[in-house]
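A.B. asks: PDB, C-alpha atoms, pLDDT in the B column, file structure_19.pdb:
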MODEL        1
ATOM      1  CA  MET A  10      52.454  75.326 144.439  1.00 86.00           C
ATOM      2  CA  ARG A  11      53.709  77.969 146.822  1.00 92.00           C
ATOM      3  CA  PRO A  12      51.731  79.593 149.646  1.00 94.00           C
ATOM      4  CA  LEU A  13      50.860  83.272 149.397  1.00 96.00           C
ATOM      5  CA  THR A  14      53.114  85.751 151.176  1.00 96.00           C
ATOM      6  CA  SER A  15      51.674  87.991 153.888  1.00 97.00           C
ATOM      7  CA  GLU A  16      51.803  90.990 151.505  1.00 97.00           C
ATOM      8  CA  GLU A  17      49.880  89.069 148.822  1.00 97.00           C
ATOM      9  CA  LYS A  18      47.307  87.922 151.383  1.00 97.00           C
ATOM     10  CA  ALA A  19      46.822  91.516 152.547  1.00 97.00           C
ATOM     11  CA  ARG A  20      46.310  92.723 148.948  1.00 97.00           C
ATOM     12  CA  CYS A  21      43.815  89.901 148.299  1.00 97.00           C
ATOM     13  CA  THR A  22      41.914  90.640 151.505  1.00 97.00           C
ATOM     14  CA  ASN A  23      41.713  94.377 150.801  1.00 97.00           C
ATOM     15  CA  ALA A  24      40.526  93.810 147.216  1.00 97.00           C
ATOM     16  CA  ARG A  25      37.956  91.244 148.399  1.00 97.00           C
ATOM     17  CA  LYS A  26      36.610  93.591 151.097  1.00 97.00           C
ATOM     18  CA  ARG A  27      36.259  96.485 148.629  1.00 97.00           C
ATOM     19  CA  ALA A  28      34.485  94.250 146.101  1.00 97.00           C
ATOM     20  CA  ASN A  29      32.163  92.693 148.711  1.00 97.00           C
ATOM     21  CA  LYS A  30      31.224  96.168 149.931  1.00 98.00           C
ATOM     22  CA  ALA A  31      30.279  97.185 146.367  1.00 97.00           C
ATOM     23  CA  LEU A  32      28.307  93.930 145.915  1.00 97.00           C
ATOM     24  CA  ARG A  33      26.470  94.595 149.187  1.00 97.00           C
ATOM     25  CA  GLU A  34      25.502  98.048 147.885  1.00 97.00           C
ATOM     26  CA  GLN A  35      24.214  96.503 144.637  1.00 95.00           C
ATOM     27  CA  ARG A  36      22.088  94.014 146.598  1.00 95.00           C
ATOM     28  CA  ARG A  37      20.800  96.815 148.831  1.00 95.00           C
ATOM     29  CA  ALA A  38      19.778  98.896 145.785  1.00 94.00           C
ATOM     30  CA  ILE A  39      17.924  95.913 144.270  1.00 92.00           C
ATOM     31  CA  GLY A  40      16.236  95.268 147.633  1.00 89.00           C
ATOM     32  CA  VAL A  41      14.933  98.852 147.730  1.00 91.00           C
ATOM     33  CA  LYS A  42      13.486  98.428 144.226  1.00 88.00           C
ATOM     34  CA  LEU A  43      11.876  95.115 145.263  1.00 86.00           C
ATOM     35  CA  ARG A  44      10.156  96.671 148.279  1.00 86.00           C
ATOM     36  CA  ASP A  45       8.584  99.358 146.097  1.00 85.00           C
ATOM     37  CA  LEU A  46       7.051  96.873 143.616  1.00 83.00           C
ATOM     38  CA  PRO A  47       3.805  94.926 144.079  1.00 79.00           C
ATOM     39  CA  GLU A  48       4.300  91.257 145.010  1.00 73.00           C
ATOM     40  CA  SER A  49       2.833  89.791 141.811  1.00 72.00           C
ATOM     41  CA  SER A  50       4.995  91.865 139.461  1.00 76.00           C
ATOM     42  CA  ARG A  51       6.989  90.108 136.712  1.00 76.00           C
ATOM     43  CA  ILE A  52       9.738  92.712 137.115  1.00 82.00           C
ATOM     44  CA  GLY A  53       9.886  91.733 140.773  1.00 80.00           C
ATOM     45  CA  GLU A  54      10.665  88.122 139.831  1.00 84.00           C
ATOM     46  CA  VAL A  55      13.535  89.274 137.609  1.00 86.00           C
ATOM     47  CA  LEU A  56      14.883  91.545 140.344  1.00 87.00           C
ATOM     48  CA  LEU A  57      14.607  88.744 142.906  1.00 87.00           C
ATOM     49  CA  PHE A  58      16.598  86.423 140.618  1.00 89.00           C
ATOM     50  CA  GLU A  59      19.223  89.141 140.141  1.00 90.00           C
ATOM     51  CA  PHE A  60      19.338  89.756 143.902  1.00 89.00           C
ATOM     52  CA  GLU A  61      19.923  86.073 144.636  1.00 90.00           C
ATOM     53  CA  SER A  62      22.555  85.672 141.906  1.00 92.00           C
ATOM     54  CA  ILE A  63      24.910  88.329 143.340  1.00 94.00           C
ATOM     55  CA  ARG A  64      27.281  86.388 145.610  1.00 95.00           C
ATOM     56  CA  ASP A  65      30.113  87.588 147.854  1.00 96.00           C
ATOM     57  CA  ILE A  66      33.708  86.744 146.990  1.00 96.00           C
ATOM     58  CA  LYS A  67      35.293  84.056 149.177  1.00 95.00           C
ATOM     59  CA  GLY A  68      38.895  83.026 149.792  1.00 95.00           C
ATOM     60  CA  TYR A  69      41.954  84.743 148.337  1.00 97.00           C
ATOM     61  CA  PRO A  70      41.238  85.949 144.789  1.00 97.00           C
ATOM     62  CA  VAL A  71      44.432  86.203 142.723  1.00 97.00           C
ATOM     63  CA  THR A  72      45.421  86.475 139.081  1.00 97.00           C
ATOM     64  CA  VAL A  73      47.001  83.150 138.139  1.00 96.00           C
ATOM     65  CA  SER A  74      49.441  83.215 135.231  1.00 95.00           C
ATOM     66  CA  LEU A  75      50.638  80.171 133.322  1.00 94.00           C
ATOM     67  CA  ASN A  76      52.527  80.357 129.992  1.00 91.00           C
ATOM     68  CA  GLY A  77      51.221  83.856 129.242  1.00 91.00           C
ATOM     69  CA  ASN A  78      47.578  83.010 129.976  1.00 93.00           C
ATOM     70  CA  GLU A  79      45.958  84.688 132.971  1.00 94.00           C
ATOM     71  CA  MET A  80      42.766  84.123 134.910  1.00 96.00           C
ATOM     72  CA  VAL A  81      41.278  85.302 138.215  1.00 96.00           C
ATOM     73  CA  LEU A  82      40.323  82.586 140.687  1.00 95.00           C
ATOM     74  CA  ASN A  83      40.259  81.611 144.356  1.00 96.00           C
ATOM     75  CA  TYR A  84      43.818  80.585 145.253  1.00 96.00           C
ATOM     76  CA  GLU A  85      42.691  78.759 148.421  1.00 95.00           C
ATOM     77  CA  LEU A  86      40.589  76.411 146.311  1.00 94.00           C
ATOM     78  CA  LEU A  87      43.449  75.801 143.875  1.00 95.00           C
ATOM     79  CA  ARG A  88      45.885  75.016 146.722  1.00 95.00           C
ATOM     80  CA  CYS A  89      43.311  72.687 148.315  1.00 94.00           C
ATOM     81  CA  PHE A  90      43.087  70.656 145.090  1.00 92.00           C
ATOM     82  CA  ASP A  91      46.885  70.670 144.752  1.00 92.00           C
ATOM     83  CA  ARG A  92      47.349  69.335 148.288  1.00 93.00           C
ATOM     84  CA  SER A  93      44.723  66.636 147.789  1.00 93.00           C
ATOM     85  CA  LEU A  94      46.638  65.420 144.706  1.00 92.00           C
ATOM     86  CA  LYS A  95      50.067  65.450 146.363  1.00 88.00           C
ATOM     87  CA  ASN A  96      51.069  61.834 145.554  1.00 88.00           C
ATOM     88  CA  ARG A  97      49.886  61.978 141.964  1.00 91.00           C
ATOM     89  CA  ILE A  98      51.438  63.076 138.690  1.00 91.00           C
ATOM     90  CA  LYS A  99      49.773  66.332 137.595  1.00 92.00           C
ATOM     91  CA  SER A 100      49.749  68.495 134.514  1.00 93.00           C
ATOM     92  CA  ILE A 101      48.284  71.992 134.835  1.00 94.00           C
ATOM     93  CA  LYS A 102      47.301  74.176 131.888  1.00 95.00           C
ATOM     94  CA  ILE A 103      44.985  77.050 131.049  1.00 96.00           C
ATOM     95  CA  VAL A 104      42.761  76.545 128.012  1.00 95.00           C
ATOM     96  CA  TRP A 105      40.113  78.793 126.474  1.00 93.00           C
ATOM     97  CA  ARG A 106      36.535  77.538 126.152  1.00 92.00           C
ATOM     98  CA  ASP A 107      33.696  79.754 124.971  1.00 91.00           C
ATOM     99  CA  ASN A 108      35.863  82.894 125.329  1.00 91.00           C
ATOM    100  CA  CYS A 109      36.541  82.042 128.973  1.00 92.00           C
ATOM    101  CA  PRO A 110      39.769  80.656 130.490  1.00 95.00           C
ATOM    102  CA  VAL A 111      39.584  77.290 132.277  1.00 96.00           C
ATOM    103  CA  LEU A 112      42.369  75.850 134.458  1.00 96.00           C
ATOM    104  CA  LEU A 113      42.683  72.115 133.747  1.00 96.00           C
ATOM    105  CA  ILE A 114      44.446  69.773 136.157  1.00 95.00           C
ATOM    106  CA  ASP A 115      44.958  66.290 134.697  1.00 94.00           C
ATOM    107  CA  HIS A 116      46.233  63.727 137.203  1.00 93.00           C
ATOM    108  CA  HIS A 117      47.127  60.056 137.431  1.00 92.00           C
ATOM    109  CA  THR A 118      49.061  57.741 139.760  1.00 90.00           C
ATOM    110  CA  ARG A 119      51.645  56.456 137.288  1.00 83.00           C
ATOM    111  CA  TYR A 120      52.028  55.999 133.582  1.00 79.00           C
ATOM    112  CA  TRP A 121      49.748  53.451 131.931  1.00 82.00           C
ATOM    113  CA  SER A 122      47.462  53.526 134.954  1.00 82.00           C
ATOM    114  CA  LYS A 123      43.685  53.458 134.744  1.00 86.00           C
ATOM    115  CA  ASP A 124      43.452  55.653 137.845  1.00 88.00           C
ATOM    116  CA  VAL A 125      43.173  59.003 136.043  1.00 92.00           C
ATOM    117  CA  GLY A 126      41.074  62.127 136.375  1.00 93.00           C
ATOM    118  CA  SER A 127      40.798  65.790 135.573  1.00 94.00           C
ATOM    119  CA  ILE A 128      39.644  68.904 137.403  1.00 94.00           C
ATOM    120  CA  GLU A 129      38.342  72.059 135.750  1.00 95.00           C
ATOM    121  CA  LEU A 130      38.470  75.377 137.607  1.00 95.00           C
ATOM    122  CA  TYR A 131      36.585  78.249 136.033  1.00 95.00           C
ATOM    123  CA  GLU A 132      37.345  81.942 136.354  1.00 95.00           C
ATOM    124  CA  LEU A 133      35.362  84.087 138.789  1.00 95.00           C
ATOM    125  CA  PRO A 134      32.153  85.565 137.330  1.00 94.00           C
ATOM    126  CA  ALA A 135      32.444  88.827 135.385  1.00 94.00           C
ATOM    127  CA  TYR A 136      30.506  90.888 137.931  1.00 94.00           C
ATOM    128  CA  GLN A 137      33.064  89.888 140.592  1.00 96.00           C
ATOM    129  CA  ARG A 138      36.134  90.339 138.358  1.00 95.00           C
ATOM    130  CA  GLU A 139      35.110  93.884 137.447  1.00 95.00           C
ATOM    131  CA  LEU A 140      35.190  94.912 141.103  1.00 96.00           C
ATOM    132  CA  LEU A 141      38.493  93.216 141.969  1.00 96.00           C
ATOM    133  CA  THR A 142      41.429  95.564 141.464  1.00 92.00           C
ATOM    134  CA  ASP A 143      45.079  95.453 142.542  1.00 93.00           C
ATOM    135  CA  LEU A 144      45.239  91.641 142.735  1.00 96.00           C
ATOM    136  CA  PRO A 145      48.606  89.902 143.082  1.00 96.00           C
ATOM    137  CA  ILE A 146      49.801  87.853 140.109  1.00 96.00           C
ATOM    138  CA  VAL A 147      50.885  84.303 140.971  1.00 96.00           C
ATOM    139  CA  GLU A 148      53.000  82.357 138.485  1.00 95.00           C
ATOM    140  CA  ILE A 149      52.347  78.619 138.443  1.00 89.00           C
TER
ENDMDL
END
Let me see the structure of the file written as structure tokens.
C.D. replies:
Amino acid sequence: MRPLTSEEKARCTNARKRANKALREQRRAIGVKLRDLPESSRIGEVLLFEFESIRDIKGYPVTVSLNGNEMVLNYELLRCFDRSLKNRIKSIKIVWRDNCPVLLIDHHTRYWSKDVGSIELYELPAYQRELLTDLPIVEI
């Protein structure tokens, strides 16, 4: 798995900063609504849950493409798993589960070995993907 070029890193960083700024504004708007509500309000509990569920984007978000299937994920995390499995035989594929793409990494030490495992990487949440534009496409 190749490292990102400096141009790709710059595009990822700019897209991440724009998206995090929009997420910050969403959290700020929810915070204003929370301050205006009484403390024992049921709507306040829902808004507090929504406020806490909006997370910033970390790492280098990219669009990963494999055999015509695409998904948006953190490339740093993917490379970290790839480096940790460097002396193992790996097979990487993108499968669809519940209308959502999942990157599967099956690995083992050698054929007919009992030392096997699999890793599942899920796509970024929809509220983050909507805000990420102009991402580089990385072929695996």
A.B. asks: Could you expand the PyMOL selection byres ((chain A and resi 92-95) around 12) into the explicit residues it covers here, written as a PDB file with C-alpha atoms, in the coordinates of the input?
C.D. replies:
ATOM      1  CA  MET A  10      52.454  75.326 144.439  1.00 86.00           C
ATOM      2  CA  ARG A  11      53.709  77.969 146.822  1.00 92.00           C
ATOM      3  CA  PRO A  12      51.731  79.593 149.646  1.00 94.00           C
ATOM      4  CA  GLU A  85      42.691  78.759 148.421  1.00 95.00           C
ATOM      5  CA  LEU A  86      40.589  76.411 146.311  1.00 94.00           C
ATOM      6  CA  LEU A  87      43.449  75.801 143.875  1.00 95.00           C
ATOM      7  CA  ARG A  88      45.885  75.016 146.722  1.00 95.00           C
ATOM      8  CA  CYS A  89      43.311  72.687 148.315  1.00 94.00           C
ATOM      9  CA  PHE A  90      43.087  70.656 145.090  1.00 92.00           C
ATOM     10  CA  ASP A  91      46.885  70.670 144.752  1.00 92.00           C
ATOM     11  CA  ASN A  96      51.069  61.834 145.554  1.00 88.00           C
ATOM     12  CA  ARG A  97      49.886  61.978 141.964  1.00 91.00           C
ATOM     13  CA  ILE A  98      51.438  63.076 138.690  1.00 91.00           C
ATOM     14  CA  LYS A  99      49.773  66.332 137.595  1.00 92.00           C
ATOM     15  CA  SER A 100      49.749  68.495 134.514  1.00 93.00           C
ATOM     16  CA  ILE A 101      48.284  71.992 134.835  1.00 94.00           C
ATOM     17  CA  ILE A 114      44.446  69.773 136.157  1.00 95.00           C
ATOM     18  CA  ASP A 115      44.958  66.290 134.697  1.00 94.00           C
ATOM     19  CA  HIS A 116      46.233  63.727 137.203  1.00 93.00           C
ATOM     20  CA  HIS A 117      47.127  60.056 137.431  1.00 92.00           C
ATOM     21  CA  THR A 118      49.061  57.741 139.760  1.00 90.00           C
ATOM     22  CA  VAL A 125      43.173  59.003 136.043  1.00 92.00           C
ATOM     23  CA  GLY A 126      41.074  62.127 136.375  1.00 93.00           C
ATOM     24  CA  SER A 127      40.798  65.790 135.573  1.00 94.00           C
ATOM     25  CA  ILE A 128      39.644  68.904 137.403  1.00 94.00           C
TER      26      ILE A 128
END
A.B. asks: Which residues come within 12 Å of Lys102 of chain A, counting only C-alpha atoms, excluding same-chain residues fewer than 5 positions away, as a ChimeraX atom specification?
C.D. replies: /A:73-80,110-116,127-130,148-149
A.B. asks: How would the residues just picked look written out with C-alpha atoms as a PDB file, in the frame of the given file?
C.D. replies:
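Resulting contents of again39.pdb:
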ATOM      1  CA  VAL A  73      47.001  83.150 138.139  1.00 96.00           C
ATOM      2  CA  SER A  74      49.441  83.215 135.231  1.00 95.00           C
ATOM      3  CA  LEU A  75      50.638  80.171 133.322  1.00 94.00           C
ATOM      4  CA  ASN A  76      52.527  80.357 129.992  1.00 91.00           C
ATOM      5  CA  GLY A  77      51.221  83.856 129.242  1.00 91.00           C
ATOM      6  CA  ASN A  78      47.578  83.010 129.976  1.00 93.00           C
ATOM      7  CA  GLU A  79      45.958  84.688 132.971  1.00 94.00           C
ATOM      8  CA  MET A  80      42.766  84.123 134.910  1.00 96.00           C
ATOM      9  CA  PRO A 110      39.769  80.656 130.490  1.00 95.00           C
ATOM     10  CA  VAL A 111      39.584  77.290 132.277  1.00 96.00           C
ATOM     11  CA  LEU A 112      42.369  75.850 134.458  1.00 96.00           C
ATOM     12  CA  LEU A 113      42.683  72.115 133.747  1.00 96.00           C
ATOM     13  CA  ILE A 114      44.446  69.773 136.157  1.00 95.00           C
ATOM     14  CA  ASP A 115      44.958  66.290 134.697  1.00 94.00           C
ATOM     15  CA  HIS A 116      46.233  63.727 137.203  1.00 93.00           C
ATOM     16  CA  SER A 127      40.798  65.790 135.573  1.00 94.00           C
ATOM     17  CA  ILE A 128      39.644  68.904 137.403  1.00 94.00           C
ATOM     18  CA  GLU A 129      38.342  72.059 135.750  1.00 95.00           C
ATOM     19  CA  LEU A 130      38.470  75.377 137.607  1.00 95.00           C
ATOM     20  CA  GLU A 148      53.000  82.357 138.485  1.00 95.00           C
ATOM     21  CA  ILE A 149      52.347  78.619 138.443  1.00 89.00           C
TER      22      ILE A 149
END
A.B. asks: What does the distance from atom CA of Leu32 of chain A to atom CA of Asp143 of chain A come to in Å, to one decimal?
C.D. replies: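 Going from atom CA of Leu32 of chain A over to atom CA of Asp143 of chain A, I get 17.2 Å.
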A.B. asks: Pick the closest to Ala28 of chain A from A:Ile66, A:Val81, A:Cys109, A:Val147: which is it, counting all atoms listed in the file?
C.D. replies: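 Nearest to Ala28 of chain A: A:Ile66.
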A.B. asks: What residues come out when you apply the PyMOL selection byres ((chain A and resi 20) around 12) to this file, written as an NGL selection string?
C.D. replies: :A and (13-19 or 21-27 or 69-72 or 141-146)
A.B. asks: Check what the PyMOL selection byres ((chain A and resi 35) around 12) selects in the file above and give those residues as a PyMOL selection string.
C.D. replies: chain A and resi 28-34+36-42+56+59-65+136-137+140
A.B. asks: Specify the axis-aligned box that encloses all atoms of segment 47-62 of chain A listed in the file after padding of 5 Å on each side, stating its centre and edge lengths in Å to one decimal as AutoDock Vina command-line options.
C.D. replies:
--center_x 12.7 --center_y 90.3 --center_z 140.9 --size_x 29.7 --size_y 19.3 --size_z 18.3
A.B. asks: Take atom CA of Arg119 of chain A and atom CA of Glu132 of chain A and report the distance between them in Å, one decimal.
C.D. replies: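 Rounded to one decimal, the two atoms are 29.2 Å apart.
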A.B. asks: Smallest atom-to-atom distance to Tyr84 of chain A: which of A:Lys67, A:Phe58, A:Asp124, A:Glu139, using only C-alpha atoms?
C.D. replies: A:Lys67
